[in-house]
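Source file protein_7.cif; content: mmCIF, C-alpha atoms.
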```
data_my_file
loop_
_atom_site.label_atom_id
_atom_site.label_comp_id
_atom_site.auth_asym_id
_atom_site.auth_seq_id
_atom_site.Cartn_x
_atom_site.Cartn_y
_atom_site.Cartn_z
CA MET A 255 47.74 86.00 77.80
CA THR A 256 49.51 87.00 74.57
CA THR A 257 51.45 90.25 74.57
CA SER A 258 50.29 93.07 72.32
CA ALA A 259 53.49 95.09 72.66
CA PRO A 260 55.29 95.72 69.32
CA ALA A 261 57.57 92.79 68.51
CA PRO A 262 60.81 94.86 68.29
CA ILE A 263 60.14 96.35 71.75
CA ALA A 264 59.08 93.03 73.26
CA TRP A 265 62.13 91.14 72.01
CA ALA A 266 64.48 93.97 72.93
CA VAL A 267 63.14 93.83 76.49
CA LEU A 268 63.38 90.04 76.56
CA GLY A 269 66.92 90.14 75.16
CA PHE A 270 67.99 92.65 77.79
CA SER A 271 66.30 90.58 80.52
CA MET A 272 67.98 87.36 79.39
CA THR A 273 71.39 89.05 79.24
CA ALA A 274 70.99 90.44 82.75
CA LEU A 275 69.72 87.04 83.90
CA MET A 276 72.73 85.25 82.43
CA PHE A 277 75.16 87.41 84.40
CA ARG A 278 73.05 87.21 87.57
CA LEU A 279 72.98 83.41 87.36
CA LEU A 280 76.75 83.50 86.95
CA TRP A 281 77.46 85.89 89.81
CA PHE A 282 74.39 86.00 92.09
CA SER A 283 73.13 82.45 92.47
CA VAL A 284 75.37 80.11 94.48
CA GLY A 285 77.19 81.79 97.35
CA ALA A 286 75.57 85.21 96.86
CA ARG A 287 73.67 87.12 99.53
CA PRO A 288 70.07 85.87 100.01
CA SER A 289 68.65 89.16 98.72
CA GLU A 290 70.69 88.93 95.52
CA ARG A 291 69.60 85.33 94.97
CA LEU A 292 65.95 86.31 95.40
CA ILE A 293 66.29 89.09 92.82
CA THR A 294 67.88 86.59 90.44
CA TYR A 295 65.04 84.11 90.92
CA GLY A 296 62.47 86.86 90.42
CA LEU A 297 64.10 87.88 87.13
CA LEU A 298 64.30 84.22 86.07
CA PHE A 299 60.58 83.58 86.48
CA GLY A 300 59.68 87.04 85.18
CA THR A 301 61.66 86.48 81.99
CA ALA A 302 60.16 83.00 81.56
CA ALA A 303 56.66 84.47 81.89
CA GLY A 304 57.54 87.11 79.30
CA LEU A 305 58.73 84.49 76.82
CA LEU A 306 55.57 82.41 77.29
CA ARG A 307 53.45 85.48 76.48
CA GLU A 308 55.02 85.84 73.01
CA ARG A 309 52.84 84.51 70.17
CA VAL A 310 55.91 83.11 68.39
CA VAL A 311 56.76 80.99 71.43
CA GLN A 312 53.14 79.94 71.92
CA ASP A 313 52.79 78.83 68.29
CA TRP A 314 56.13 77.02 68.38
CA LEU A 315 55.20 75.06 71.50
CA ALA A 316 51.87 74.14 69.88
CA GLN A 317 53.57 73.00 66.66
CA MET A 318 56.01 70.90 68.68
CA GLY A 319 53.07 69.28 70.45
CA VAL A 320 54.23 70.44 73.88
CA PHE A 321 51.39 72.76 74.97
CA SER A 322 48.37 74.26 73.29
CA VAL A 323 48.29 78.04 72.79
CA ALA A 324 45.52 78.36 75.38
CA PHE A 325 47.49 76.37 77.96
CA THR A 326 50.69 78.36 77.34
CA ARG A 327 48.78 81.60 77.87
CA GLN A 328 47.61 80.44 81.29
CA LEU A 329 51.01 78.93 82.05
CA SER A 330 52.56 82.38 81.59
CA ALA A 331 50.23 83.76 84.27
CA ALA A 332 51.04 80.85 86.58
CA VAL A 333 54.79 81.45 86.12
CA MET A 334 54.16 85.13 86.83
CA VAL A 335 52.59 84.12 90.15
CA VAL A 336 55.70 82.06 90.97
CA MET A 337 57.72 85.23 90.26
CA PHE A 338 55.94 86.92 93.18
CA ALA A 339 57.35 84.35 95.66
CA PRO A 340 60.98 85.60 95.66
CA LEU A 341 59.72 89.19 95.64
CA LEU A 342 57.54 88.44 98.67
CA LEU A 343 60.48 86.82 100.47
CA LEU A 344 62.70 89.79 99.55
CA VAL A 345 60.25 92.30 101.00
CA ALA A 346 59.67 90.12 104.06
CA SER A 347 63.43 90.01 104.67
CA TRP A 348 63.34 93.75 105.41
CA SER A 349 61.53 92.95 108.67
CA GLU A 350 63.68 92.64 111.79
CA ARG A 351 61.69 89.55 112.85
CA THR A 352 62.20 87.59 109.62
CA PRO A 353 65.79 86.25 110.10
CA ALA A 354 64.68 84.14 113.08
CA HIS A 355 62.39 82.00 110.89
CA ALA A 356 63.66 82.76 107.37
CA ALA A 357 64.15 79.10 106.36
CA ARG A 358 60.67 78.08 107.50
CA LEU A 359 59.08 81.09 105.81
CA SER A 360 60.95 80.33 102.58
CA ARG A 361 59.70 76.73 102.51
CA LEU A 362 56.16 77.88 103.26
CA VAL A 363 56.13 80.55 100.52
CA TRP A 364 57.67 78.35 97.82
CA GLY A 365 55.32 75.50 98.66
CA ALA A 366 52.28 77.78 98.66
CA VAL A 367 53.16 79.43 95.35
CA CYS A 368 53.64 76.08 93.61
CA VAL A 369 50.23 74.91 94.84
CA SER A 370 48.70 78.23 93.76
CA ALA A 371 50.17 78.02 90.26
CA ALA A 372 48.93 74.44 89.84
CA LEU A 373 45.49 75.42 91.12
CA MET A 374 45.28 78.28 88.60
CA LEU A 375 45.93 75.85 85.74
CA VAL A 376 43.25 73.50 87.05
CA VAL A 377 40.69 76.29 87.49
CA GLY A 378 41.53 77.63 84.02
CA THR A 379 40.51 74.37 82.31
CA HIS A 380 36.99 75.66 81.62
CA SER A 381 38.16 78.74 79.68
CA ARG A 382 40.72 76.67 77.75
CA GLU A 383 37.92 74.38 76.59
CA LEU A 384 35.96 77.44 75.44
CA GLY A 385 39.04 78.74 73.57
CA ASP A 386 38.93 82.23 75.11
CA TYR A 387 40.89 84.27 77.63
CA ILE A 388 39.83 83.45 81.16
CA ASP A 389 39.71 87.24 81.62
CA ARG A 390 36.47 87.20 79.56
CA THR A 391 34.97 83.88 80.66
CA GLU A 392 31.72 83.78 82.61
CA GLY A 393 31.48 81.47 85.61
CA TRP A 394 32.87 81.01 89.10
CA GLN A 395 36.25 79.88 87.80
CA THR A 396 37.25 83.39 86.69
CA PRO A 397 37.10 85.15 90.10
CA VAL A 398 38.77 82.15 91.78
CA TYR A 399 41.58 82.20 89.19
CA PHE A 400 42.21 85.91 89.61
CA ALA A 401 41.75 85.85 93.39
CA ILE A 402 44.82 83.61 93.54
CA PHE A 403 46.73 85.91 91.21
CA SER A 404 45.67 89.06 93.07
CA ALA A 405 46.63 87.63 96.46
CA TRP A 406 50.20 87.03 95.33
CA CYS A 407 50.32 90.48 93.70
CA GLY A 408 48.74 92.33 96.64
CA VAL A 409 50.57 90.83 99.64
CA PRO A 410 54.03 92.07 98.52
CA GLY A 411 52.41 95.45 97.88
CA VAL A 412 51.07 95.60 101.43
CA LEU A 413 54.47 94.67 102.87
CA MET A 414 56.23 97.24 100.66
CA VAL A 415 53.97 100.07 101.81
CA ALA A 416 53.98 99.05 105.50
CA THR A 417 57.74 98.54 105.75
CA SER A 418 58.62 101.72 103.85
CA ILE A 419 56.24 103.91 105.85
CA LYS A 420 57.68 102.45 109.07
CA GLU A 421 61.22 103.36 107.99
CA LEU A 422 60.18 106.83 106.81
CA ARG A 423 58.42 107.55 110.11
CA ALA A 424 61.48 106.38 112.07
CA GLY A 425 63.54 109.07 110.32
CA HIS A 426 67.35 109.45 110.39
CA LEU A 427 67.56 108.46 106.72
CA ARG A 428 69.87 109.86 104.10
CA PRO A 429 68.12 111.69 101.20
CA LEU A 430 68.82 108.83 98.77
CA HIS A 431 67.34 106.32 101.20
CA ARG A 432 64.24 108.45 101.70
CA LEU A 433 63.78 108.66 97.93
CA THR A 434 64.21 104.89 97.64
CA TYR A 435 61.55 104.20 100.26
CA LEU A 436 59.18 106.68 98.60
CA MET A 437 59.62 104.85 95.29
CA ILE A 438 58.93 101.54 97.03
CA VAL A 439 55.74 103.02 98.50
CA ILE A 440 54.63 104.05 95.01
CA VAL A 441 55.34 100.58 93.60
CA GLY A 442 53.54 98.96 96.53
CA ILE A 443 50.44 101.15 96.10
CA TRP A 444 50.46 100.36 92.38
CA ALA A 445 50.62 96.60 93.13
CA LEU A 446 47.68 96.92 95.52
CA GLU A 447 45.70 98.90 92.95
CA GLU A 448 46.38 96.30 90.28
CA ALA A 449 45.36 93.46 92.59
CA LEU A 450 42.05 95.14 93.46
CA LEU A 451 41.19 96.14 89.88
CA ILE A 452 41.93 92.63 88.59
CA VAL A 453 39.47 91.20 91.12
CA VAL A 454 36.83 93.73 90.06
CA SER A 455 37.38 92.85 86.40
CA SER A 456 37.10 89.12 87.12
CA LEU A 457 33.79 89.62 88.94
CA CYS A 458 32.44 91.62 85.99
CA ALA A 459 33.54 88.92 83.55
CA ALA A 460 32.10 86.12 85.70
CA THR A 461 28.67 87.80 85.85
CA GLY A 462 28.63 89.00 82.26
CA THR A 463 28.54 92.69 83.22
CA GLY A 464 30.81 95.65 82.58
CA SER A 465 32.07 94.28 79.27
CA ALA A 466 33.70 97.60 78.34
CA TYR A 467 35.74 97.61 81.53
CA VAL A 468 36.67 93.94 81.09
CA GLU A 469 37.94 94.63 77.55
CA PHE A 470 39.92 97.60 78.83
CA ARG A 471 41.62 95.38 81.43
CA VAL A 472 42.34 92.69 78.82
CA ARG A 473 44.05 95.21 76.52
CA ALA A 474 46.00 96.67 79.45
CA ASN A 475 47.13 93.23 80.61
CA GLU A 476 48.20 92.29 77.07
CA ASN A 477 50.35 95.39 76.74
CA ASN A 478 51.68 96.30 80.19
CA TYR A 479 53.72 93.29 81.28
CA THR A 480 56.47 93.76 78.70
CA TYR A 481 57.23 97.24 80.00
CA MET A 482 57.02 96.15 83.65
CA LEU A 483 59.50 93.37 82.88
CA GLY A 484 61.82 95.93 81.30
CA GLY A 485 61.70 98.08 84.42
CA GLY A 486 62.35 95.10 86.69
CA ALA A 487 65.22 93.90 84.48
CA LEU A 488 66.75 97.38 84.63
CA VAL A 489 66.73 97.25 88.44
CA ALA A 490 68.21 93.74 88.42
CA ALA A 491 70.86 94.81 85.90
CA ALA A 492 72.06 97.53 88.28
CA GLY A 493 73.57 94.80 90.45
CA VAL A 494 75.29 93.34 87.38
CA ALA A 495 76.77 96.75 86.52
CA THR A 496 77.98 97.16 90.10
CA GLU A 497 79.66 93.75 89.99
CA PHE A 498 81.32 94.62 86.66
CA MET A 499 82.72 97.78 88.25
CA ARG A 500 83.91 95.84 91.29
CA ARG A 501 85.73 93.29 89.15
CA LEU A 502 87.37 96.11 87.20
CA ARG A 503 88.13 97.87 90.51
CA ILE A 504 86.46 101.07 89.44
CA ASP A 505 83.56 100.90 91.91
CA PRO A 506 83.28 103.65 94.57
CA ALA A 507 84.69 101.41 97.33
CA SER A 508 87.76 100.44 95.30
CA ARG A 509 88.40 104.06 94.34
CA ALA A 510 88.12 105.09 98.00
CA ILE A 511 90.61 102.38 98.99
CA ARG A 512 93.15 103.61 96.44
CA GLN A 513 92.68 107.18 97.63
CA LEU A 514 92.98 106.37 101.34
CA THR A 515 95.81 103.82 101.11
CA PRO A 516 98.85 106.19 101.35
CA MET A 517 97.45 107.92 104.44
CA TRP A 518 96.22 104.66 105.97
CA GLU A 519 99.57 102.89 105.50
CA GLU A 520 101.49 105.61 107.32
CA LEU A 521 98.98 105.87 110.16
CA VAL A 522 98.71 102.15 110.96
CA ARG A 523 102.49 101.72 110.67
CA ALA A 524 102.99 104.49 113.20
CA CYS A 525 100.29 103.11 115.53
CA PRO A 526 100.93 99.36 115.89
CA GLU A 527 98.91 99.36 119.12
CA ILE A 528 95.57 99.50 117.30
CA PRO A 529 93.95 96.07 116.65
CA ARG A 530 94.04 94.88 113.05
CA PRO A 531 92.66 91.73 111.37
CA THR A 532 95.08 89.17 109.98
CA GLY A 533 94.88 86.30 107.51
CA GLN A 534 91.44 85.43 106.16
CA ALA A 535 89.77 88.14 108.23
CA ALA A 536 91.60 90.80 106.24
CA ALA A 537 90.61 89.41 102.81
CA ARG A 538 87.16 90.94 102.35
CA SER A 539 85.10 92.67 99.71
CA PRO A 540 86.11 96.23 98.73
CA ARG A 541 83.20 97.70 100.67
CA ARG A 542 84.18 95.89 103.86
CA ARG A 543 87.86 96.70 103.35
CA MET A 544 86.95 100.37 102.94
CA HIS A 545 84.88 100.21 106.13
CA ARG A 546 87.73 98.54 108.02
CA MET A 547 90.25 101.02 106.64
CA THR A 548 88.11 103.93 107.85
CA VAL A 549 87.86 102.41 111.33
CA GLU A 550 91.63 101.85 111.52
CA ILE A 551 92.34 105.43 110.43
CA ARG A 552 90.00 106.73 113.12
CA ASP A 553 91.64 104.48 115.75
CA SER A 554 95.06 105.76 114.70
CA LEU A 555 93.91 109.36 115.04
CA LEU A 556 92.75 108.64 118.58
CA VAL A 557 96.29 107.46 119.40
CA LEU A 558 97.90 110.44 117.65
CA GLY A 559 95.72 112.80 119.63
CA ARG A 560 98.32 112.61 122.42
CA TYR A 561 100.88 114.10 120.02
CA ALA A 562 98.68 116.63 118.25
CA GLU A 563 99.18 120.37 118.03
CA PRO A 564 96.60 123.02 117.09
CA VAL A 565 95.66 123.37 113.45
CA ALA A 566 97.86 125.82 111.58
CA ASP A 567 96.22 129.24 111.30
CA ASP A 568 97.46 129.81 107.77
CA VAL A 569 95.91 126.64 106.31
CA ALA A 570 92.24 125.83 106.82
CA GLY A 571 89.91 122.99 105.95
CA PRO A 572 91.01 119.48 104.95
CA ALA A 573 94.48 120.71 103.99
CA GLY A 574 95.02 122.08 107.50
CA GLU A 575 93.70 118.86 109.04
CA ALA A 576 96.11 116.83 106.90
CA ILE A 577 99.06 118.99 108.09
CA GLN A 578 97.96 118.60 111.71
CA MET A 579 97.84 114.81 111.30
CA VAL A 580 101.27 114.63 109.62
CA ARG A 581 102.81 116.73 112.40
CA ALA A 582 101.32 114.45 115.08
CA LEU A 583 102.57 111.45 113.13
CA HIS A 584 106.09 112.87 112.96
CA ARG A 585 106.15 113.70 116.68
CA LYS A 586 105.19 110.14 117.60
CA GLN A 587 107.68 108.57 115.20
CA SER A 588 110.50 110.84 116.41
CA GLY A 589 110.00 109.67 119.99
CA ALA A 590 108.43 112.82 121.40
CA ALA A 591 106.74 112.42 124.76
CA ALA A 592 102.98 112.06 124.69
CA GLY A 593 101.16 115.07 126.02
CA GLN A 594 97.62 115.97 126.89
CA TYR A 595 95.10 114.51 124.51
CA ARG A 596 93.94 116.88 121.78
CA ARG A 597 91.24 115.67 119.46
CA LEU A 598 92.36 115.91 115.90
CA GLN A 599 89.87 117.71 113.70
CA ALA A 600 89.71 114.69 111.44
CA SER A 601 88.82 112.41 114.32
CA ALA A 602 85.47 114.13 114.89
CA PRO A 603 82.94 111.43 113.90
CA GLY A 604 80.48 111.95 111.06
CA SER A 605 76.84 110.98 111.19
CA ASP A 606 77.59 107.56 109.64
CA ILE A 607 80.33 105.59 107.88
CA VAL A 608 79.55 107.32 104.58
CA ASP A 609 80.21 110.76 106.07
CA GLU A 610 83.33 109.47 107.82
CA THR A 611 84.76 108.08 104.61
CA ARG A 612 83.99 111.25 102.67
CA ALA A 613 85.70 113.39 105.31
CA LEU A 614 88.80 111.19 105.25
CA ARG A 615 88.93 111.18 101.46
CA ARG A 616 88.92 114.98 101.43
CA ILE A 617 91.88 114.93 103.79
CA ALA A 618 93.62 112.18 101.80
CA ASN A 619 93.52 114.47 98.75
CA HIS A 620 95.98 116.76 100.59
CA TRP A 621 98.11 114.05 102.21
CA HIS A 622 101.08 114.25 99.83
CA GLU A 623 101.17 118.05 99.95
CA ALA A 624 100.87 117.97 103.75
CA ARG A 625 103.87 115.65 104.04
CA ASN A 626 105.92 117.92 101.79
CA HIS A 627 104.81 120.98 103.77
CA VAL A 628 105.78 119.46 107.13
CA HIS A 629 109.08 118.14 105.75
CA ALA A 630 109.99 121.57 104.34
CA THR A 631 109.02 123.22 107.64
CA LEU A 632 111.24 120.81 109.62
CA LEU A 633 114.18 121.48 107.29
CA LEU A 634 113.68 125.22 107.63
CA ASP A 635 113.49 124.97 111.42
CA GLY A 636 116.68 122.91 111.38
CA ASP A 637 118.52 125.52 109.30
CA ARG A 638 117.37 128.26 111.65
CA ALA A 639 118.59 126.28 114.65
CA LYS A 640 122.06 126.13 113.13
#
```

How does this structure look as structure tokens?
Amino acid sequence: MTTSAPAPIAWAVLGFSMTALMFRLLWFSVGARPSERLITYGLLFGTAAGLLRERVVQDWLAQMGVFSVAFTRQLSAAVMVVMFAPLLLLVASWSERTPAHAARLSRLVWGAVCVSAALMLVVGTHSRELGDYIDRTEGWQTPVYFAIFSAWCGVPGVLMVATSIKELRAGHLRPLHRLTYLMIVIVGIWALEEALLIVVSSLCAATGTGSAYVEFRVRANENNYTYMLGGGALVAAAGVATEFMRRLRIDPASRAIRQLTPMWEELVRACPEIPRPTGQAAARSPRRRMHRMTVEIRDSLLVLGRYAEPVADDVAGPAGEAIQMVRALHRKQSGAAAGQYRRLQASAPGSDIVDETRALRRIANHWHEARNHVHATLLLDGDRAK
């Protein structure tokens, strides 16, 4: 297939895809999480398929004597099928049962997709000899060719819809997660629809019927892939942007660490009894460090609960909670006897780690003022005692 998208748009999309791919190969290939590697491989094959659909590339390969234009067109579809393999493995990894046999499944999928791509090129020989798109060619080869393509397009769609609906029915999802799963359902339904319509079009072409519909599908297939590649590259580039922010230490986790550090340092120093990682265990990614920091703050507050007093009536909200924590901290450090446990307001757990971190960051915003308030109160009490 040769793209019919305007050349400036097509090459802008390909340029953006290749730029995102370059950074993903640099950061998300060796040593990255399996899901990140699969996204990188998907973008790699997707970008290669996009390049092979460009008439400039097809003509250049023909002039160099590498491939004919007809073969390159079908090769682009075969590479597109290979692109579905990492996407299928990515969607399959969402299943709780997949990790037990992930390596075997990966070998099976990659082996099957390579055989499928080779079979498509063999089946497409007839249309190449006729010098026409296989989309328009009569004969049994056309439905076989597109049955292979549709199977690899439809199976990920089925898994997307099934997995997302399962998670949505289970509930207990944050609004952003619900929106994400709804978007995945839409993409999965679209993939299923495309797979079915391609099969219908191939049957019409094979039997010489429905020529108007076949031509409509040909024009749609010529035009649509460039824009789908742009959307996929945009999703893949989000990981690149996140990694840029992490390296510059301006990502949300790094900002949270900087905000929580003054409060965290004082709490863990005053509560040496809480367990803390040492050495290599402490050197983790910002997200994991933020998670660990939140846990250690909560553990410290459980210890300080034996030294806590009621929240001051004159200061409410996070500011009052910060003052209550500083007072408990001072009582423990000054050697006061532990009393009956009183749960600090800040130690009340949130619904998940995100809520916990947000609650602690609100308190950390008032930490410096709370320390000054408690210090001034202690000085005033000392002057009164004299």

### Message
For the PyMOL selection byres ((chain A and resi 310) around 12), applied here, can you spell out every residue it catches as a VMD selection string?
### Response
chain A and resid 256 to 257 261 264 to 265 304 to 309 311 to 317 323 326 to 327

### Message
Which residues are close to stretch 448-454 of chain A, i.e. within 7 Å by only C-alpha atoms, leaving aside same-chain residues fewer than 3 positions away? Reply as a list in words.
### Response
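Counting only C-alpha atoms, the residues come to Pro397, Phe400, Ala401, Ser404, Cys407, Gly408, Trp444, Ala445, Leu457 and Cys458 of chain A.
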
### Query
Can you list, as JSON, numbers by chain, the residues that the PyMOL selection byres ((chain A and resi 537-546) around 12) selects here?
{"A": [496, 497, 499, 500, 501, 502, 503, 504, 505, 506, 507, 508, 509, 510, 511, 512, 513, 514, 515, 518, 522, 529, 530, 531, 532, 533, 534, 535, 536, 547, 548, 549, 550, 551, 552, 553, 606, 607, 608, 609, 610, 611, 612, 614, 615]}

### Message
Just want the 10 Å neighbourhood of A:Tyr295, counted on only C-alpha atoms, with same-chain residues fewer than 5 positions away dropped. Output as a list in words.
### Response
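Surrounding residues, per the criterion: Leu275, Arg278, Leu279, Phe282, Ser283, Ser289, Glu290, Gly300, Thr301, Val336, Met337, Phe338, Ala339, Pro340 and Leu341 of chain A.
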
### Query
atom CA of A:Glu476 to atom CA of A:Ser258: how many Å, to one decimal?
5.2 Å

For the PyMOL selection byres ((chain A and resi 620-628) around 8), applied here, can you spell out every residue it catches as an mmCIF file with C-alpha atoms, in the coordinates of the input?
```
data_model
loop_
_atom_site.group_PDB
_atom_site.id
_atom_site.type_symbol
_atom_site.label_atom_id
_atom_site.label_comp_id
_atom_site.auth_asym_id
_atom_site.auth_seq_id
_atom_site.Cartn_x
_atom_site.Cartn_y
_atom_site.Cartn_z
ATOM 1 C CA PRO A 516 98.850 106.190 101.350
ATOM 2 C CA MET A 517 97.450 107.920 104.440
ATOM 3 C CA PRO A 572 91.010 119.480 104.950
ATOM 4 C CA ALA A 573 94.480 120.710 103.990
ATOM 5 C CA ALA A 576 96.110 116.830 106.900
ATOM 6 C CA ILE A 577 99.060 118.990 108.090
ATOM 7 C CA VAL A 580 101.270 114.630 109.620
ATOM 8 C CA ARG A 581 102.810 116.730 112.400
ATOM 9 C CA ARG A 616 88.920 114.980 101.430
ATOM 10 C CA ILE A 617 91.880 114.930 103.790
ATOM 11 C CA ALA A 618 93.620 112.180 101.800
ATOM 12 C CA ASN A 619 93.520 114.470 98.750
ATOM 13 C CA HIS A 629 109.080 118.140 105.750
ATOM 14 C CA ALA A 630 109.990 121.570 104.340
ATOM 15 C CA THR A 631 109.020 123.220 107.640
ATOM 16 C CA LEU A 632 111.240 120.810 109.620
#
```
